[in-house]
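With compact mmCIF, C-alpha atoms inside, this is start-v5.txt:
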```txt
# COMPACT_ATOMS: atom_id res chain seq x y z
CA MET P 1 -14.19 -22.14 15.17
CA THR P 2 -14.61 -18.89 17.14
CA LYS P 3 -11.09 -17.70 17.81
CA HIS P 4 -9.17 -15.16 15.77
CA HIS P 5 -6.10 -16.93 14.44
CA LEU P 6 -2.80 -15.17 13.74
CA ALA P 7 -0.17 -17.70 12.72
CA ILE P 8 3.08 -15.98 11.77
CA ALA P 9 5.65 -18.03 9.92
CA ALA P 10 8.31 -17.76 7.24
CA VAL P 11 7.97 -20.15 4.34
CA ALA P 12 11.02 -20.80 2.22
CA ALA P 13 10.39 -24.18 0.60
CA SER P 14 8.79 -24.27 -2.84
CA LEU P 15 5.45 -26.06 -3.11
CA ALA P 16 4.07 -27.51 -6.32
CA PHE P 17 0.84 -25.76 -7.36
CA ALA P 18 -2.30 -27.84 -7.41
CA ALA P 19 -5.94 -26.97 -7.98
CA PRO P 20 -7.68 -26.31 -4.65
CA ALA P 21 -10.16 -28.79 -3.26
CA PHE P 22 -13.18 -26.87 -1.98
CA ALA P 23 -15.31 -27.79 1.00
CA GLN P 24 -17.90 -25.72 2.79
CA THR P 25 -16.61 -24.44 6.15
CA SER P 26 -18.04 -22.61 9.15
CA ASP P 27 -15.60 -19.70 8.99
CA VAL P 28 -14.05 -17.37 6.40
CA THR P 29 -10.38 -18.20 5.83
CA ILE P 30 -8.12 -15.27 4.99
CA GLY P 31 -4.49 -15.86 4.04
CA ILE P 32 -2.13 -12.91 4.43
CA THR P 33 1.45 -12.77 3.19
CA THR P 34 3.51 -9.70 4.05
CA SER P 35 7.11 -8.75 4.73
CA THR P 36 7.82 -8.83 8.45
CA THR P 37 11.53 -9.44 7.84
CA GLY P 38 13.95 -8.24 5.19
CA PRO P 39 14.29 -4.82 3.53
CA ALA P 40 10.51 -4.28 3.38
CA ALA P 41 9.89 -5.02 7.07
CA ALA P 42 9.17 -1.35 7.79
CA LEU P 43 6.09 -1.78 5.60
CA GLY P 44 5.10 -5.31 6.52
CA ILE P 45 5.33 -5.01 10.29
CA PRO P 46 2.72 -2.22 10.53
CA GLU P 47 0.50 -4.21 8.15
CA ARG P 48 0.74 -7.19 10.48
CA ASN P 49 0.31 -5.05 13.61
CA ALA P 50 -2.91 -3.53 12.30
CA LEU P 51 -4.49 -6.99 12.23
CA GLU P 52 -4.83 -6.72 16.00
CA PHE P 53 -7.52 -4.10 15.45
CA VAL P 54 -9.65 -5.78 12.77
CA PRO P 55 -12.89 -7.74 13.39
CA LYS P 56 -12.84 -11.27 14.72
CA GLU P 57 -16.01 -12.05 12.81
CA ILE P 58 -18.06 -10.46 10.06
CA GLY P 59 -21.73 -11.07 9.40
CA GLY P 60 -21.84 -13.47 12.33
CA VAL P 61 -19.18 -15.71 10.75
CA PRO P 62 -15.77 -16.15 12.46
CA LEU P 63 -12.63 -15.14 10.56
CA LYS P 64 -9.71 -17.54 10.40
CA ILE P 65 -6.65 -15.42 9.64
CA ILE P 66 -3.32 -16.98 8.68
CA VAL P 67 -0.29 -14.68 8.39
CA LEU P 68 2.96 -15.71 6.70
CA ASP P 69 6.20 -13.77 6.22
CA ASP P 70 7.63 -13.51 2.70
CA GLY P 71 10.67 -11.39 3.56
CA GLY P 72 9.95 -9.18 0.53
CA ASP P 73 10.93 -12.02 -1.80
CA PRO P 74 8.60 -12.74 -4.77
CA THR P 75 9.49 -16.43 -4.78
CA THR P 76 8.55 -16.82 -1.13
CA ALA P 77 5.40 -14.75 -1.67
CA THR P 78 4.43 -17.14 -4.47
CA THR P 79 5.05 -20.12 -2.17
CA ASN P 80 2.93 -18.55 0.56
CA ALA P 81 0.07 -17.81 -1.84
CA ARG P 82 0.13 -21.37 -3.14
CA ARG P 83 0.08 -22.66 0.41
CA PHE P 84 -3.04 -20.59 1.10
CA VAL P 85 -4.67 -22.18 -1.94
CA THR P 86 -3.67 -25.80 -1.46
CA GLU P 87 -3.39 -26.18 2.33
CA SER P 88 -5.56 -23.47 3.87
CA LYS P 89 -8.29 -23.43 1.20
CA ALA P 90 -8.39 -19.67 1.64
CA ASP P 91 -11.48 -17.72 0.65
CA ILE P 92 -9.51 -14.47 0.41
CA ILE P 93 -5.81 -13.60 0.07
CA LEU P 94 -4.11 -10.36 1.17
CA GLY P 95 -0.58 -9.30 0.23
CA SER P 96 2.01 -8.29 -0.05
CA ALA P 97 3.92 -5.29 1.30
CA VAL P 98 5.82 -4.34 -1.86
CA THR P 99 5.03 -4.28 -5.57
CA PRO P 100 7.12 -7.28 -6.75
CA THR P 101 5.64 -9.59 -4.11
CA SER P 102 2.11 -8.30 -4.70
CA ILE P 103 2.49 -9.13 -8.38
CA ALA P 104 3.58 -12.66 -7.44
CA VAL P 105 0.57 -13.14 -5.14
CA SER P 106 -1.81 -11.71 -7.73
CA ASN P 107 -0.62 -14.20 -10.32
CA VAL P 108 -1.41 -17.14 -8.02
CA ALA P 109 -4.76 -15.73 -6.86
CA ASN P 110 -5.95 -15.11 -10.40
CA GLU P 111 -4.87 -18.58 -11.47
CA ALA P 112 -6.78 -20.14 -8.58
CA GLY P 113 -9.83 -17.87 -8.73
CA ILE P 114 -9.52 -16.37 -5.23
CA PRO P 115 -10.22 -12.70 -4.35
CA HIS P 116 -6.92 -10.91 -3.75
CA PHE P 117 -6.33 -7.61 -1.93
CA ALA P 118 -2.88 -6.19 -2.76
CA LEU P 119 -1.28 -4.17 0.05
CA SER P 120 1.01 -2.25 -2.31
CA PRO P 121 0.51 -0.58 -5.68
CA LEU P 122 0.87 -2.92 -8.64
CA PRO P 123 0.17 -2.83 -12.37
CA ILE P 124 -3.27 -4.32 -12.91
CA THR P 125 -2.84 -6.19 -16.20
CA PRO P 126 -5.76 -7.95 -17.91
CA GLU P 127 -4.47 -11.22 -16.44
CA ARG P 128 -4.77 -9.80 -12.91
CA ALA P 129 -7.89 -7.69 -13.28
CA LYS P 130 -10.54 -10.30 -12.50
CA TRP P 131 -9.58 -11.34 -8.97
CA SER P 132 -7.17 -8.63 -7.71
CA VAL P 133 -7.87 -5.23 -6.22
CA ALA P 134 -5.33 -2.88 -4.62
CA MET P 135 -5.75 -1.10 -1.29
CA PRO P 136 -3.09 1.65 -1.66
CA GLN P 137 -3.80 4.75 -3.67
CA PRO P 138 -3.00 4.39 -7.39
CA VAL P 139 0.17 6.16 -8.41
CA PRO P 140 -1.54 8.60 -10.84
CA ILE P 141 -3.87 9.95 -8.12
CA VAL P 142 -1.17 10.58 -5.52
CA GLY P 143 1.27 11.70 -8.20
CA LYS P 144 -1.09 14.42 -9.39
CA VAL P 145 -1.18 16.18 -6.03
CA MET P 146 2.64 16.45 -6.12
CA TYR P 147 2.85 17.58 -9.75
CA ASP P 148 0.22 20.25 -9.13
CA HIS P 149 2.27 21.47 -6.18
CA MET P 150 5.43 21.50 -8.32
CA LYS P 151 3.68 23.62 -10.93
CA SER P 152 2.40 26.05 -8.29
CA LYS P 153 5.98 26.49 -7.07
CA GLY P 154 7.32 27.18 -10.55
CA ILE P 155 9.25 23.92 -10.89
CA LYS P 156 10.55 23.56 -14.46
CA THR P 157 13.10 20.73 -14.12
CA ILE P 158 13.10 17.60 -12.01
CA GLY P 159 15.43 14.72 -11.24
CA TYR P 160 14.28 11.24 -10.31
CA ILE P 161 15.79 8.60 -8.05
CA GLY P 162 13.83 5.43 -7.39
CA TYR P 163 13.98 1.71 -6.84
CA SER P 164 15.38 -0.43 -9.64
CA ASP P 165 12.22 -2.55 -9.66
CA SER P 166 8.55 -2.38 -10.62
CA TYR P 167 7.73 0.19 -7.91
CA GLY P 168 10.41 2.52 -9.23
CA ASP P 169 9.10 1.96 -12.75
CA LEU P 170 5.53 2.82 -11.73
CA TRP P 171 6.62 6.20 -10.43
CA PHE P 172 9.05 7.09 -13.22
CA ASN P 173 6.45 6.21 -15.86
CA ASP P 174 3.84 8.34 -14.08
CA LEU P 175 6.27 11.24 -13.84
CA LYS P 176 6.73 11.09 -17.61
CA THR P 177 3.02 10.67 -18.26
CA GLN P 178 1.70 13.46 -16.02
CA ALA P 179 4.46 15.91 -15.14
CA VAL P 180 6.15 16.28 -18.51
CA PRO P 181 2.95 17.47 -20.27
CA MET P 182 2.62 20.03 -17.46
CA GLY P 183 5.91 21.58 -18.55
CA ILE P 184 8.19 19.86 -16.02
CA ASN P 185 11.28 18.48 -17.76
CA ILE P 186 13.06 15.36 -16.45
CA VAL P 187 16.79 16.12 -16.50
CA ALA P 188 18.16 13.06 -14.65
CA GLU P 189 17.10 9.53 -13.71
CA GLU P 190 18.90 7.35 -11.17
CA ARG P 191 18.00 4.01 -9.59
CA PHE P 192 19.04 1.98 -6.54
CA ALA P 193 18.20 -1.44 -5.10
CA ARG P 194 16.11 -1.82 -1.97
CA PRO P 195 18.93 -3.33 0.12
CA ASP P 196 21.52 -0.69 -0.91
CA THR P 197 23.23 1.18 1.90
CA SER P 198 24.66 4.02 -0.20
CA VAL P 199 23.40 6.16 -3.07
CA THR P 200 26.28 8.64 -3.11
CA GLY P 201 27.09 8.12 -6.79
CA GLN P 202 23.49 8.55 -7.88
CA VAL P 203 23.00 11.64 -5.71
CA LEU P 204 26.12 13.34 -7.10
CA LYS P 205 24.83 12.81 -10.64
CA LEU P 206 21.45 14.23 -9.70
CA ILE P 207 22.99 17.32 -8.11
CA ALA P 208 25.20 17.82 -11.17
CA ALA P 209 22.07 17.97 -13.33
CA ASN P 210 20.89 20.89 -11.14
CA PRO P 211 17.12 20.17 -11.14
CA ASP P 212 14.67 22.52 -9.45
CA ALA P 213 13.25 19.54 -7.54
CA ILE P 214 13.83 15.81 -7.06
CA LEU P 215 11.26 13.03 -6.78
CA VAL P 216 12.20 9.95 -4.75
CA GLY P 217 10.35 6.82 -5.89
CA ALA P 218 11.01 4.58 -2.87
CA SER P 219 9.15 3.21 0.13
CA GLY P 220 9.62 2.40 3.79
CA THR P 221 12.77 3.35 5.64
CA ALA P 222 14.89 3.02 2.47
CA ALA P 223 13.26 6.21 1.19
CA ALA P 224 15.23 8.10 3.85
CA LEU P 225 18.54 7.08 2.23
CA PRO P 226 18.42 9.42 -0.80
CA GLN P 227 16.68 12.08 1.30
CA THR P 228 19.57 12.16 3.77
CA GLU P 229 22.26 11.90 1.11
CA LEU P 230 20.81 14.74 -0.95
CA ARG P 231 20.78 17.10 2.02
CA ASP P 232 24.20 15.97 3.23
CA LYS P 233 25.64 16.72 -0.22
CA GLY P 234 24.16 20.21 -0.19
CA TYR P 235 21.12 19.93 -2.43
CA LYS P 236 18.89 22.94 -1.66
CA GLY P 237 15.92 22.29 -3.95
CA LEU P 238 12.57 20.76 -3.11
CA ILE P 239 12.47 17.01 -2.48
CA TYR P 240 9.24 15.08 -3.01
CA GLN P 241 8.61 11.62 -1.58
CA THR P 242 5.92 9.18 -2.71
CA HIS P 243 3.21 7.76 -0.47
CA GLY P 244 5.37 4.66 -0.01
CA ALA P 245 7.52 6.68 2.40
CA ALA P 246 4.66 7.96 4.53
CA SER P 247 5.44 6.78 8.04
CA MET P 248 6.91 8.12 11.26
CA ASP P 249 9.93 5.87 10.68
CA PHE P 250 10.91 8.09 7.76
CA ILE P 251 11.27 11.09 10.08
CA ARG P 252 13.05 9.02 12.70
CA ILE P 253 15.67 7.76 10.24
CA ALA P 254 16.10 10.87 8.09
CA GLY P 255 16.28 13.15 11.13
CA LYS P 256 16.94 16.80 10.31
CA ALA P 257 17.19 15.93 6.63
CA ALA P 258 13.44 15.23 6.66
CA GLU P 259 12.61 18.87 7.39
CA GLY P 260 10.77 20.48 4.49
CA VAL P 261 10.21 17.28 2.51
CA LEU P 262 7.00 17.24 0.44
CA MET P 263 5.27 13.89 0.79
CA ALA P 264 2.18 12.49 -0.86
CA SER P 265 0.21 10.47 1.66
CA GLY P 266 -3.03 8.77 2.40
CA PRO P 267 -5.32 10.70 4.79
CA VAL P 268 -4.66 8.22 7.62
CA MET P 269 -1.39 10.03 8.35
CA TYR P 270 -3.28 13.17 9.38
CA PRO P 271 -7.00 12.53 9.96
CA GLU P 272 -7.07 15.26 12.61
CA GLY P 273 -6.81 17.84 9.82
CA GLN P 274 -9.83 16.53 7.92
CA ALA P 275 -13.28 18.04 7.99
CA ASP P 276 -15.80 16.19 10.15
CA THR P 277 -17.75 15.43 6.98
CA ALA P 278 -14.80 13.53 5.44
CA LEU P 279 -15.69 9.83 5.24
CA THR P 280 -12.05 8.91 5.90
CA LYS P 281 -11.82 10.79 9.21
CA LYS P 282 -13.64 8.36 11.53
CA PRO P 283 -11.85 5.17 10.41
CA GLY P 284 -8.51 7.01 10.34
CA MET P 285 -8.96 8.28 13.89
CA ALA P 286 -10.10 4.84 15.06
CA LEU P 287 -7.05 3.09 13.62
CA ASN P 288 -4.55 5.67 14.84
CA SER P 289 -6.03 5.76 18.34
CA ALA P 290 -5.82 1.99 18.71
CA TYR P 291 -2.42 1.72 17.03
CA GLU P 292 -0.75 4.50 19.02
CA ALA P 293 -2.29 3.30 22.28
CA LYS P 294 -0.42 0.02 21.81
CA TYR P 295 2.70 1.03 19.91
CA GLY P 296 3.28 4.50 21.29
CA PRO P 297 2.70 8.11 20.27
CA ASN P 298 3.53 8.98 16.65
CA SER P 299 3.75 5.32 15.64
CA ARG P 300 0.97 5.66 13.04
CA SER P 301 1.74 4.29 9.59
CA GLN P 302 0.14 4.44 6.18
CA PHE P 303 1.00 0.77 5.75
CA ALA P 304 -1.09 -0.17 8.78
CA GLY P 305 -3.94 1.52 6.97
CA HIS P 306 -3.65 -0.78 3.96
CA SER P 307 -4.34 -4.00 5.87
CA TYR P 308 -6.84 -2.33 8.21
CA ASP P 309 -8.78 -0.98 5.24
CA ALA P 310 -8.95 -4.38 3.57
CA PHE P 311 -11.09 -5.47 6.52
CA GLU P 312 -13.17 -2.29 6.30
CA VAL P 313 -13.98 -3.39 2.75
CA LEU P 314 -14.60 -6.98 3.88
CA LYS P 315 -17.08 -5.71 6.49
CA ARG P 316 -19.20 -4.58 3.56
CA VAL P 317 -18.68 -7.37 1.03
CA ILE P 318 -18.69 -10.53 3.19
CA PRO P 319 -22.27 -10.04 4.47
CA THR P 320 -23.41 -9.52 0.88
CA ALA P 321 -21.60 -12.66 -0.28
CA LEU P 322 -23.05 -14.71 2.59
CA LYS P 323 -26.55 -14.08 1.27
CA THR P 324 -25.87 -16.33 -1.73
CA ALA P 325 -23.05 -18.73 -0.79
CA LYS P 326 -21.18 -20.43 2.05
CA PRO P 327 -17.47 -19.98 2.91
CA GLY P 328 -15.11 -22.59 1.58
CA THR P 329 -16.81 -22.85 -1.81
CA PRO P 330 -16.08 -21.46 -5.30
CA GLU P 331 -19.50 -19.82 -5.19
CA PHE P 332 -18.51 -17.83 -2.11
CA ARG P 333 -15.32 -16.60 -3.75
CA GLU P 334 -17.30 -15.51 -6.79
CA ALA P 335 -19.85 -13.82 -4.53
CA ILE P 336 -17.04 -11.86 -2.86
CA ARG P 337 -15.78 -10.80 -6.29
CA GLN P 338 -19.24 -9.67 -7.33
CA ALA P 339 -19.86 -7.82 -4.04
CA LEU P 340 -16.69 -5.80 -4.62
CA LEU P 341 -18.36 -4.49 -7.77
CA THR P 342 -21.76 -3.69 -6.26
CA GLU P 343 -20.93 -2.18 -2.86
CA ARG P 344 -20.37 1.58 -3.21
CA GLU P 345 -18.77 4.34 -1.12
CA ILE P 346 -16.92 2.01 1.23
CA ALA P 347 -15.33 4.38 3.74
CA ALA P 348 -11.90 3.47 5.12
CA SER P 349 -8.89 5.21 6.63
CA GLN P 350 -7.09 5.67 3.31
CA GLY P 351 -9.96 6.53 1.01
CA VAL P 352 -13.48 5.76 -0.12
CA TYR P 353 -13.60 2.65 -2.32
CA ASN P 354 -15.75 2.17 -5.40
CA PHE P 355 -14.31 -0.78 -7.31
CA THR P 356 -15.34 -1.56 -10.88
CA GLU P 357 -14.27 -4.15 -13.44
CA LYS P 358 -11.90 -1.58 -14.95
CA ASP P 359 -10.90 0.37 -11.84
CA ARG P 360 -9.30 -2.12 -9.45
CA TYR P 361 -8.08 0.61 -7.09
CA GLY P 362 -11.50 2.21 -6.70
CA LEU P 363 -10.20 5.46 -5.21
CA ASP P 364 -10.47 9.15 -6.06
CA GLU P 365 -8.99 12.44 -4.82
CA ARG P 366 -10.37 11.80 -1.33
CA SER P 367 -7.56 9.27 -0.91
CA ARG P 368 -4.57 11.61 -0.84
CA ILE P 369 -3.14 14.62 0.92
CA LEU P 370 0.18 16.45 0.68
CA LEU P 371 2.27 16.67 3.84
CA THR P 372 5.52 18.30 4.83
CA VAL P 373 7.75 17.85 7.87
CA LYS P 374 8.07 20.79 10.26
CA ASP P 375 9.92 20.53 13.57
CA GLY P 376 9.98 16.75 13.30
CA LYS P 377 6.24 16.35 12.70
CA TYR P 378 3.98 15.92 9.68
CA VAL P 379 1.77 18.90 8.87
CA LEU P 380 -0.29 19.78 5.81
CA ALA P 381 1.82 21.30 3.04
CA GLN P 382 1.03 24.75 1.67
```

Just dump the structure as structure tokens.
Amino acid sequence: MTKHHLAIAAVAASLAFAAPAFAQTSDVTIGITTSTTGPAAALGIPERNALEFVPKEIGGVPLKIIVLDDGGDPTTATTNARRFVTESKADIILGSAVTPTSIAVSNVANEAGIPHFALSPLPITPERAKWSVAMPQPVPIVGKVMYDHMKSKGIKTIGYIGYSDSYGDLWFNDLKTQAVPMGINIVAEERFARPDTSVTGQVLKLIAANPDAILVGASGTAAALPQTELRDKGYKGLIYQTHGAASMDFIRIAGKAAEGVLMASGPVMYPEGQADTALTKKPGMALNSAYEAKYGPNSRSQFAGHSYDAFEVLKRVIPTALKTAKPGTPEFREAIRQALLTEREIAASQGVYNFTEKDRYGLDERSRILLTVKDGKYVLAQ
């Protein structure tokens, strides 16, 4: 098969899990589940769009790519992952757009023994460590750049508002782990659900606690909700947003309320500001040029970088795996897993990857920058 397949579908029915039947094939099958509908669509749509700019073959072997929509629902993400295993006989699985669905996909991939690339941060437990890696920056690395900035600005107290799910937990736990020992005291914690349309009550409680700054642990367009509400209710302190909010949609939705926000981000949001020697500059410029040529100026998105970068990694590991095994076999899946551990300094738009058995994110400080919004545009923060 020589064509690049993009089959987009929503799967709602539950499928019983069965052990995959392996058969050698002439192409590499990649199953991708992401959220092109539902509250996480602002993340999943750019991830899907970026697939238009990835290779059609690697190492002389065609790629068969199957894309399913999970709507941000962990149950549907589980169904999709099981379908990749039992029906598609996938060699590799990517997904999903948010932490709860990525956890669901990871569980299936690790049960089946299939390499899994998460497109959102997730806790890498021992049960998930063998077959799963994560493309986004790990929370502690991007968190540190914000906490260092807070300390430089004399921030002593902070409030937190984040999702009432595992993504919100990741950020609140990191805030306690890193910022508190730096002398930054958490004076308020509030949560909200991804589909919520109002956070007025939570914002009023945060403002009443009078923190020097507020950290928003949210992603996609929903991150603009507390940002807008805080400014509308008169909060004058610094507001920090996590890398999950890094997209042009955030500015579009938050409008004037976005001005002055401090936002951790992957370097793909501003590769123009990187030194020519930065390994992330060339892939970041390549992705943004292609993406904005098709989807318009200022349409770049960190989330597009996650799926794009998975293929930058695959461009390195698939040729290595092909030296010892054929697609469609357990040996090939194991060879992919091993190649992820041996290939070093894999340059991509969001960072330079060096995976190990213990470090399933494989990224360092080269994977994050701190941005602010000035006159409706992202610029490097001071």

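Put simply, CA of Pro121 in chain P is 29.2 Å away from CA of Leu204 in chain P.
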
Q. Which one is closest to Glu127 in chain P: P:Glu111, P:Glu52, P:Glu259, P:Asp196? Count only C-alpha atoms.
A. P:Glu111

Q.
Please compute the CA of Ile186 in chain P-CA of Lys256 in chain P distance, one decimal, in Å.
A. 27.1 Å

Q: In Å, rounded to a single decimal, give me how far CA of Val145 in chain P is from CA of Asp232 in chain P.
A: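 Straight-line distance from CA of Asp232 in chain P to CA of Val145 in chain P works out to 27.0 Å.
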
Q. For Gly305 in chain P, which residue out of P:Thr157, P:Gln227, P:Gln350, P:Thr324 is the nearest one, using all atoms listed in the file?
A. P:Gln350

Q. Given the choices P:Thr33, P:Asn110, P:Ser166, P:Ser152, which gets closest to Arg194 in chain P if the distance is worked out from only C-alpha atoms?
A.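 Using only C-alpha atoms, the shortest distance to Arg194 in chain P belongs to P:Ser166.
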
Q: With a distance cut-off of 7 Å and all atoms listed in the file, select the neighbouring residues of range 269-271 of chain P, excluding the residue or stretch itself and same-chain residues fewer than 6 positions from it, and output the selection as a list of chain:residue names.
A: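 Surrounding residues, per the criterion: P:Lys281, P:Gly284, P:Met285, P:Arg300, P:Ser301, P:Gln302.
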
Since we have the selection now, will you write its residues out, keeping C-alpha atoms, as a compact mmCIF listing (two decimals), in the frame of the given file?
```
# COMPACT_ATOMS: atom_id res chain seq x y z
CA LYS P 281 -11.82 10.79 9.21
CA GLY P 284 -8.51 7.01 10.34
CA MET P 285 -8.96 8.28 13.89
CA ARG P 300 0.97 5.66 13.04
CA SER P 301 1.74 4.29 9.59
CA GLN P 302 0.14 4.44 6.18
```

Q | Which residue of P:Pro283, P:Pro55, P:Gly266, P:Gly60 approaches Gln137 in chain P most closely, using only C-alpha atoms | A | P:Gly266

Q. Skipping near chain neighbours, those fewer than 2 positions away, what residues fall within 10 Å of Lys374 in chain P using all atoms listed in the file, listed as a list in words?
A.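 The contact residues come out as Lys256, Ala258, Glu259, Gly260, Val261, Leu371, Thr372, Gly376, Lys377, Tyr378, Val379, Leu380 and Ala381 of chain P.
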